[in-house]
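data-v2.txt follows; it contains compact mmCIF, N, CA and C atoms.
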# COMPACT_ATOMS: atom_id res chain seq x y z
N MET M 1 0.85 -1.18 0.00
CA MET M 1 0.00 0.00 0.00
C MET M 1 0.89 1.24 0.00
N THR M 2 0.66 2.11 -0.95
CA THR M 2 1.45 3.34 -1.03
C THR M 2 0.92 4.38 -0.05
N THR M 3 1.66 5.43 0.11
CA THR M 3 1.24 6.50 1.01
C THR M 3 -0.05 7.14 0.53
N GLY M 4 -0.16 7.35 -0.78
CA GLY M 4 -1.37 7.94 -1.34
C GLY M 4 -2.60 7.07 -1.09
N GLU M 5 -2.45 5.76 -1.25
CA GLU M 5 -3.56 4.84 -0.99
C GLU M 5 -3.95 4.86 0.48
N TYR M 6 -2.95 4.89 1.37
CA TYR M 6 -3.21 4.94 2.80
C TYR M 6 -3.99 6.20 3.17
N LEU M 7 -3.56 7.35 2.64
CA LEU M 7 -4.25 8.60 2.95
C LEU M 7 -5.66 8.62 2.38
N LEU M 8 -5.85 8.01 1.21
CA LEU M 8 -7.20 7.92 0.65
C LEU M 8 -8.12 7.09 1.54
N VAL M 9 -7.60 5.99 2.07
CA VAL M 9 -8.40 5.16 2.97
C VAL M 9 -8.69 5.90 4.27
N ARG M 10 -7.68 6.59 4.79
CA ARG M 10 -7.84 7.26 6.09
C ARG M 10 -8.70 8.52 6.01
N PHE M 11 -8.48 9.37 4.99
CA PHE M 11 -9.15 10.67 4.93
C PHE M 11 -10.20 10.77 3.83
N GLY M 12 -10.15 9.91 2.83
CA GLY M 12 -11.05 10.03 1.69
C GLY M 12 -10.42 10.92 0.62
N PRO M 13 -11.16 11.21 -0.46
CA PRO M 13 -10.58 11.99 -1.56
C PRO M 13 -10.32 13.46 -1.23
N LEU M 14 -11.01 13.99 -0.22
CA LEU M 14 -10.81 15.38 0.19
C LEU M 14 -10.43 15.44 1.66
N MET M 15 -9.48 16.31 1.97
CA MET M 15 -9.05 16.50 3.36
C MET M 15 -9.42 17.91 3.81
N SER M 16 -9.86 18.03 5.04
CA SER M 16 -10.14 19.35 5.61
C SER M 16 -8.84 19.93 6.15
N ILE M 17 -8.91 21.18 6.58
CA ILE M 17 -7.73 21.80 7.19
C ILE M 17 -7.32 21.05 8.45
N VAL M 18 -8.28 20.55 9.20
CA VAL M 18 -7.98 19.77 10.41
C VAL M 18 -7.23 18.50 10.04
N ASP M 19 -7.63 17.84 8.95
CA ASP M 19 -6.94 16.63 8.50
C ASP M 19 -5.50 16.93 8.09
N VAL M 20 -5.31 18.00 7.34
CA VAL M 20 -3.96 18.39 6.91
C VAL M 20 -3.10 18.74 8.13
N ALA M 21 -3.69 19.45 9.09
CA ALA M 21 -2.96 19.81 10.31
C ALA M 21 -2.57 18.56 11.09
N THR M 22 -3.46 17.58 11.17
CA THR M 22 -3.15 16.32 11.85
C THR M 22 -2.01 15.61 11.15
N LEU M 23 -2.03 15.58 9.84
CA LEU M 23 -0.99 14.93 9.06
C LEU M 23 0.37 15.59 9.28
N LEU M 24 0.37 16.92 9.38
CA LEU M 24 1.62 17.66 9.52
C LEU M 24 2.06 17.87 10.97
N GLY M 25 1.18 17.55 11.92
CA GLY M 25 1.52 17.76 13.32
C GLY M 25 1.47 19.23 13.72
N ARG M 26 0.59 19.98 13.09
CA ARG M 26 0.42 21.41 13.40
C ARG M 26 -1.00 21.65 13.87
N SER M 27 -1.26 22.84 14.35
CA SER M 27 -2.62 23.21 14.73
C SER M 27 -3.37 23.65 13.46
N PRO M 28 -4.69 23.50 13.44
CA PRO M 28 -5.45 23.97 12.27
C PRO M 28 -5.27 25.47 12.01
N ASP M 29 -5.19 26.27 13.07
CA ASP M 29 -4.97 27.71 12.89
C ASP M 29 -3.59 27.99 12.29
N GLY M 30 -2.60 27.20 12.69
CA GLY M 30 -1.26 27.37 12.14
C GLY M 30 -1.22 27.07 10.65
N VAL M 31 -1.94 26.03 10.22
CA VAL M 31 -2.01 25.70 8.80
C VAL M 31 -2.74 26.81 8.05
N ARG M 32 -3.82 27.29 8.63
CA ARG M 32 -4.62 28.35 7.99
C ARG M 32 -3.78 29.61 7.79
N VAL M 33 -3.03 30.00 8.80
CA VAL M 33 -2.18 31.20 8.71
C VAL M 33 -1.07 30.97 7.68
N ALA M 34 -0.48 29.78 7.68
CA ALA M 34 0.61 29.48 6.74
C ALA M 34 0.12 29.48 5.30
N LEU M 35 -1.14 29.12 5.08
CA LEU M 35 -1.67 29.10 3.72
C LEU M 35 -1.82 30.49 3.13
N TYR M 36 -2.10 31.47 3.95
CA TYR M 36 -2.34 32.81 3.44
C TYR M 36 -1.08 33.67 3.42
N ALA M 37 0.03 33.12 3.86
CA ALA M 37 1.31 33.80 3.71
C ALA M 37 1.93 33.34 2.38
N ASP M 38 2.79 34.14 1.81
CA ASP M 38 3.44 33.77 0.55
C ASP M 38 4.73 33.03 0.87
N THR M 39 4.60 31.72 1.12
CA THR M 39 5.75 30.89 1.46
C THR M 39 5.83 29.70 0.51
N ASP M 40 6.91 28.97 0.58
CA ASP M 40 7.07 27.77 -0.23
C ASP M 40 5.99 26.75 0.13
N PHE M 41 5.69 26.64 1.42
CA PHE M 41 4.65 25.73 1.91
C PHE M 41 3.29 26.06 1.28
N SER M 42 2.93 27.33 1.28
CA SER M 42 1.62 27.71 0.73
C SER M 42 1.58 27.54 -0.78
N ARG M 43 2.71 27.77 -1.46
CA ARG M 43 2.74 27.59 -2.91
C ARG M 43 2.59 26.13 -3.31
N LYS M 44 3.02 25.22 -2.43
CA LYS M 44 2.85 23.80 -2.71
C LYS M 44 1.41 23.35 -2.46
N LEU M 45 0.77 23.90 -1.42
CA LEU M 45 -0.56 23.43 -1.05
C LEU M 45 -1.70 24.12 -1.79
N LYS M 46 -1.51 25.34 -2.23
CA LYS M 46 -2.62 26.08 -2.87
C LYS M 46 -3.17 25.40 -4.12
N PRO M 47 -2.37 24.75 -4.97
CA PRO M 47 -2.97 24.06 -6.12
C PRO M 47 -3.88 22.90 -5.72
N ALA M 48 -3.70 22.35 -4.53
CA ALA M 48 -4.54 21.24 -4.07
C ALA M 48 -5.80 21.74 -3.35
N MET M 49 -5.92 23.05 -3.16
CA MET M 49 -7.03 23.62 -2.41
C MET M 49 -8.30 23.67 -3.25
N LEU M 50 -9.42 23.37 -2.60
CA LEU M 50 -10.72 23.39 -3.26
C LEU M 50 -11.72 24.03 -2.31
N ARG M 51 -12.39 25.07 -2.78
CA ARG M 51 -13.38 25.75 -1.94
C ARG M 51 -14.76 25.21 -2.26
N VAL M 52 -15.49 24.86 -1.22
CA VAL M 52 -16.89 24.45 -1.34
C VAL M 52 -17.65 25.39 -0.42
N GLY M 53 -18.22 26.44 -0.99
CA GLY M 53 -18.85 27.48 -0.18
C GLY M 53 -17.77 28.19 0.62
N ARG M 54 -17.93 28.21 1.93
CA ARG M 54 -16.92 28.83 2.79
C ARG M 54 -15.88 27.84 3.29
N ARG M 55 -16.11 26.58 3.04
CA ARG M 55 -15.20 25.54 3.53
C ARG M 55 -14.05 25.33 2.56
N ILE M 56 -12.92 24.94 3.12
CA ILE M 56 -11.73 24.69 2.31
C ILE M 56 -11.36 23.22 2.46
N TYR M 57 -11.18 22.57 1.33
CA TYR M 57 -10.74 21.17 1.31
C TYR M 57 -9.49 21.06 0.45
N PHE M 58 -8.79 19.95 0.60
CA PHE M 58 -7.58 19.69 -0.17
C PHE M 58 -7.72 18.32 -0.82
N ARG M 59 -7.30 18.22 -2.06
CA ARG M 59 -7.32 16.93 -2.76
C ARG M 59 -6.21 16.07 -2.16
N THR M 60 -6.59 14.90 -1.67
CA THR M 60 -5.67 14.05 -0.92
C THR M 60 -4.46 13.64 -1.76
N LEU M 61 -4.66 13.21 -2.97
CA LEU M 61 -3.53 12.76 -3.80
C LEU M 61 -2.59 13.90 -4.15
N GLN M 62 -3.13 15.11 -4.32
CA GLN M 62 -2.27 16.26 -4.59
C GLN M 62 -1.48 16.66 -3.35
N ILE M 63 -2.05 16.46 -2.18
CA ILE M 63 -1.32 16.73 -0.93
C ILE M 63 -0.13 15.77 -0.83
N THR M 64 -0.36 14.50 -1.17
CA THR M 64 0.72 13.51 -1.14
C THR M 64 1.85 13.92 -2.07
N GLU M 65 1.51 14.39 -3.28
CA GLU M 65 2.52 14.82 -4.23
C GLU M 65 3.20 16.11 -3.79
N ALA M 66 2.42 17.07 -3.29
CA ALA M 66 2.97 18.37 -2.91
C ALA M 66 3.94 18.26 -1.74
N LEU M 67 3.62 17.39 -0.80
CA LEU M 67 4.47 17.25 0.37
C LEU M 67 5.54 16.18 0.18
N ASP M 68 5.55 15.54 -0.98
CA ASP M 68 6.55 14.52 -1.31
C ASP M 68 6.54 13.41 -0.27
N LEU M 69 5.36 12.83 -0.03
CA LEU M 69 5.21 11.82 1.01
C LEU M 69 5.44 10.40 0.53
N GLU M 70 5.60 10.17 -0.76
CA GLU M 70 5.81 8.81 -1.25
C GLU M 70 7.17 8.30 -0.80
N GLN M 71 7.21 7.02 -0.47
CA GLN M 71 8.45 6.38 -0.04
C GLN M 71 9.38 6.23 -1.23
N PRO M 72 10.68 6.41 -1.05
CA PRO M 72 11.61 6.23 -2.16
C PRO M 72 11.68 4.75 -2.57
N THR M 73 11.97 4.51 -3.83
CA THR M 73 12.11 3.13 -4.30
C THR M 73 13.45 2.59 -3.86
N ASP M 74 13.69 1.31 -4.11
CA ASP M 74 14.97 0.70 -3.73
C ASP M 74 16.13 1.32 -4.47
N ASP M 75 15.89 1.76 -5.71
CA ASP M 75 16.96 2.40 -6.49
C ASP M 75 17.42 3.69 -5.82
N GLY M 76 16.49 4.45 -5.26
CA GLY M 76 16.83 5.68 -4.57
C GLY M 76 17.64 5.43 -3.32
N ALA M 77 17.37 4.33 -2.62
CA ALA M 77 18.11 4.01 -1.40
C ALA M 77 19.55 3.67 -1.73
N VAL M 78 19.78 2.95 -2.83
CA VAL M 78 21.14 2.61 -3.22
C VAL M 78 21.91 3.85 -3.60
N THR M 79 21.26 4.76 -4.33
CA THR M 79 21.91 6.01 -4.73
C THR M 79 22.26 6.85 -3.52
N ALA M 80 21.37 6.89 -2.54
CA ALA M 80 21.63 7.68 -1.34
C ALA M 80 22.81 7.12 -0.56
N GLN M 81 22.94 5.81 -0.51
CA GLN M 81 24.05 5.21 0.23
C GLN M 81 25.38 5.50 -0.45
N THR M 82 25.42 5.41 -1.76
CA THR M 82 26.67 5.65 -2.46
C THR M 82 27.04 7.14 -2.45
N SER M 83 26.05 8.02 -2.39
CA SER M 83 26.36 9.44 -2.42
C SER M 83 26.83 9.96 -1.07
N THR M 84 26.62 9.21 0.02
CA THR M 84 27.06 9.67 1.33
C THR M 84 28.52 9.33 1.61
N ARG M 85 29.11 8.53 0.73
CA ARG M 85 30.53 8.22 0.92
C ARG M 85 31.38 9.44 0.62
N GLY M 86 32.40 9.63 1.37
CA GLY M 86 33.26 10.78 1.19
C GLY M 86 34.18 10.60 0.00
N PRO M 87 35.04 11.57 -0.24
CA PRO M 87 35.95 11.52 -1.38
C PRO M 87 37.00 10.43 -1.25
N ARG M 88 37.24 9.90 -0.05
CA ARG M 88 38.26 8.88 0.17
C ARG M 88 37.71 7.47 -0.03
N ALA M 89 36.41 7.33 -0.22
CA ALA M 89 35.81 6.00 -0.32
C ALA M 89 36.13 5.31 -1.61
Spell out the structure here as structure tokens.
Amino acid sequence: MTTGEYLLVRFGPLMSIVDVATLLGRSPDGVRVALYADTDFSRKLKPAMLRVGRRIYFRTLQITEALDLEQPTDDGAVTAQTSTRGPRA
């Protein structure tokens, strides 16, 4: 099960601000304030934002992509191990 599939099962196709805050370990007010500031965090999350009346939701799969939550493949792990060797290795 991938991270995206897990989040879809846990939260459904749309996440509320409370759900995103829970995922990130922040308060809902902190996420709300961070969204309206012009930061790298807000630029990543705003494309996933969906307004339904006054409520704000986020597309779960886009949140997974925006926050780069997918686990690296085995090829990435091998590359990371070889790249941590110093110049004397």
Inset, instruction - Find the spatial neighbours of Ala48 in chain M, counting only C-alpha atoms, within a cut-off of 10 Å - ignore same-chain residues fewer than 2 positions away - and output them as a list in words. - result: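 So the residues in contact are Leu14, Met15, Arg43, Lys44, Leu45, Lys46, Leu50, Tyr57, Phe58, Arg59, Thr60, Leu61, Gln62, Ile63, Thr64, Glu65 and Ala66 of chain M.
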Store the residues picked out above, limited to N, CA and C atoms, as a tab-separated table (two decimals), in the coordinates of the input.
chain	number	residue	atom	x	y	z
M	14	LEU	N	-11.01	13.99	-0.22
M	14	LEU	CA	-10.81	15.38	0.19
M	14	LEU	C	-10.43	15.44	1.66
M	15	MET	N	-9.48	16.31	1.97
M	15	MET	CA	-9.05	16.50	3.36
M	15	MET	C	-9.42	17.91	3.81
M	43	ARG	N	2.71	27.77	-1.46
M	43	ARG	CA	2.74	27.59	-2.91
M	43	ARG	C	2.59	26.13	-3.31
M	44	LYS	N	3.02	25.22	-2.43
M	44	LYS	CA	2.85	23.80	-2.71
M	44	LYS	C	1.41	23.35	-2.46
M	45	LEU	N	0.77	23.90	-1.42
M	45	LEU	CA	-0.56	23.43	-1.05
M	45	LEU	C	-1.70	24.12	-1.79
M	46	LYS	N	-1.51	25.34	-2.23
M	46	LYS	CA	-2.62	26.08	-2.87
M	46	LYS	C	-3.17	25.40	-4.12
M	50	LEU	N	-9.42	23.37	-2.60
M	50	LEU	CA	-10.72	23.39	-3.26
M	50	LEU	C	-11.72	24.03	-2.31
M	57	TYR	N	-11.18	22.57	1.33
M	57	TYR	CA	-10.74	21.17	1.31
M	57	TYR	C	-9.49	21.06	0.45
M	58	PHE	N	-8.79	19.95	0.60
M	58	PHE	CA	-7.58	19.69	-0.17
M	58	PHE	C	-7.72	18.32	-0.82
M	59	ARG	N	-7.30	18.22	-2.06
M	59	ARG	CA	-7.32	16.93	-2.76
M	59	ARG	C	-6.21	16.07	-2.16
M	60	THR	N	-6.59	14.90	-1.67
M	60	THR	CA	-5.67	14.05	-0.92
M	60	THR	C	-4.46	13.64	-1.76
M	61	LEU	N	-4.66	13.21	-2.97
M	61	LEU	CA	-3.53	12.76	-3.80
M	61	LEU	C	-2.59	13.90	-4.15
M	62	GLN	N	-3.13	15.11	-4.32
M	62	GLN	CA	-2.27	16.26	-4.59
M	62	GLN	C	-1.48	16.66	-3.35
M	63	ILE	N	-2.05	16.46	-2.18
M	63	ILE	CA	-1.32	16.73	-0.93
M	63	ILE	C	-0.13	15.77	-0.83
M	64	THR	N	-0.36	14.50	-1.17
M	64	THR	CA	0.72	13.51	-1.14
M	64	THR	C	1.85	13.92	-2.07
M	65	GLU	N	1.51	14.39	-3.28
M	65	GLU	CA	2.52	14.82	-4.23
M	65	GLU	C	3.20	16.11	-3.79
M	66	ALA	N	2.42	17.07	-3.29
M	66	ALA	CA	2.97	18.37	-2.91
M	66	ALA	C	3.94	18.26	-1.74
Inset, instruction - Check the smallest atom-to-atom distance from each of M:Ser16, M:Thr39, M:Thr2, M:Ser27 to Ile56 in chain M using all atoms listed in the file, then report the winner. - result: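 Of all the options, M:Ser16 lies closest to Ile56 in chain M.
The two atoms in question, CA of Ala21 in chain M and atom C of Met1 in chain M, are spaced 21.6 Å apart.
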Inset, instruction - Find the distance between CA of Leu67 in chain M and CA of Pro13 in chain M and write it in Å to one decimal. - result: 16.1 Å
Inset, instruction - Enter the distance from CA of Val33 in chain M to atom N of Asp68 in chain M, in Å, rounded to one decimal. - result: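 The value is 20.0 Å.
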Please, which residues of range 30-71 of chain M, numbered as in this document, come out helix (DSSP H, G or I) from DSSP, as an mmCIF file with N, CA and C atoms, in the frame of the given file?
data_model
loop_
_atom_site.group_PDB
_atom_site.id
_atom_site.type_symbol
_atom_site.label_atom_id
_atom_site.label_comp_id
_atom_site.auth_asym_id
_atom_site.auth_seq_id
_atom_site.Cartn_x
_atom_site.Cartn_y
_atom_site.Cartn_z
ATOM 1 N N GLY M 30 -2.600 27.200 12.690
ATOM 2 C CA GLY M 30 -1.260 27.370 12.140
ATOM 3 C C GLY M 30 -1.220 27.070 10.650
ATOM 4 N N VAL M 31 -1.940 26.030 10.220
ATOM 5 C CA VAL M 31 -2.010 25.700 8.800
ATOM 6 C C VAL M 31 -2.740 26.810 8.050
ATOM 7 N N ARG M 32 -3.820 27.290 8.630
ATOM 8 C CA ARG M 32 -4.620 28.350 7.990
ATOM 9 C C ARG M 32 -3.780 29.610 7.790
ATOM 10 N N VAL M 33 -3.030 30.000 8.800
ATOM 11 C CA VAL M 33 -2.180 31.200 8.710
ATOM 12 C C VAL M 33 -1.070 30.970 7.680
ATOM 13 N N ALA M 34 -0.480 29.780 7.680
ATOM 14 C CA ALA M 34 0.610 29.480 6.740
ATOM 15 C C ALA M 34 0.120 29.480 5.300
ATOM 16 N N LEU M 35 -1.140 29.120 5.080
ATOM 17 C CA LEU M 35 -1.670 29.100 3.720
ATOM 18 C C LEU M 35 -1.820 30.490 3.130
ATOM 19 N N ASP M 40 6.910 28.970 0.580
ATOM 20 C CA ASP M 40 7.070 27.770 -0.230
ATOM 21 C C ASP M 40 5.990 26.750 0.130
ATOM 22 N N PHE M 41 5.690 26.640 1.420
ATOM 23 C CA PHE M 41 4.650 25.730 1.910
ATOM 24 C C PHE M 41 3.290 26.060 1.280
ATOM 25 N N SER M 42 2.930 27.330 1.280
ATOM 26 C CA SER M 42 1.620 27.710 0.730
ATOM 27 C C SER M 42 1.580 27.540 -0.780
ATOM 28 N N ARG M 43 2.710 27.770 -1.460
ATOM 29 C CA ARG M 43 2.740 27.590 -2.910
ATOM 30 C C ARG M 43 2.590 26.130 -3.310
ATOM 31 N N LYS M 44 3.020 25.220 -2.430
ATOM 32 C CA LYS M 44 2.850 23.800 -2.710
ATOM 33 C C LYS M 44 1.410 23.350 -2.460
ATOM 34 N N LEU M 45 0.770 23.900 -1.420
ATOM 35 C CA LEU M 45 -0.560 23.430 -1.050
ATOM 36 C C LEU M 45 -1.700 24.120 -1.790
ATOM 37 N N LYS M 46 -1.510 25.340 -2.230
ATOM 38 C CA LYS M 46 -2.620 26.080 -2.870
ATOM 39 C C LYS M 46 -3.170 25.400 -4.120
ATOM 40 N N PRO M 47 -2.370 24.750 -4.970
ATOM 41 C CA PRO M 47 -2.970 24.060 -6.120
ATOM 42 C C PRO M 47 -3.880 22.900 -5.720
ATOM 43 N N ALA M 48 -3.700 22.350 -4.530
ATOM 44 C CA ALA M 48 -4.540 21.240 -4.070
ATOM 45 C C ALA M 48 -5.800 21.740 -3.350
ATOM 46 N N THR M 60 -6.590 14.900 -1.670
ATOM 47 C CA THR M 60 -5.670 14.050 -0.920
ATOM 48 C C THR M 60 -4.460 13.640 -1.760
ATOM 49 N N LEU M 61 -4.660 13.210 -2.970
ATOM 50 C CA LEU M 61 -3.530 12.760 -3.800
ATOM 51 C C LEU M 61 -2.590 13.900 -4.150
ATOM 52 N N GLN M 62 -3.130 15.110 -4.320
ATOM 53 C CA GLN M 62 -2.270 16.260 -4.590
ATOM 54 C C GLN M 62 -1.480 16.660 -3.350
ATOM 55 N N ILE M 63 -2.050 16.460 -2.180
ATOM 56 C CA ILE M 63 -1.320 16.730 -0.930
ATOM 57 C C ILE M 63 -0.130 15.770 -0.830
ATOM 58 N N THR M 64 -0.360 14.500 -1.170
ATOM 59 C CA THR M 64 0.720 13.510 -1.140
ATOM 60 C C THR M 64 1.850 13.920 -2.070
ATOM 61 N N GLU M 65 1.510 14.390 -3.280
ATOM 62 C CA GLU M 65 2.520 14.820 -4.230
ATOM 63 C C GLU M 65 3.200 16.110 -3.790
ATOM 64 N N ALA M 66 2.420 17.070 -3.290
ATOM 65 C CA ALA M 66 2.970 18.370 -2.910
ATOM 66 C C ALA M 66 3.940 18.260 -1.740
#
Determine the axis-aligned bounding box of all atoms of range 6-17 of chain M present in the file, pad each side by 4 Å, and express its centre and edge lengths in Å to one decimal place as AutoDock Vina command-line options.
--center_x -7.1 --center_y 13.3 --center_z 3.4 --size_x 16.2 --size_y 24.9 --size_z 18.0
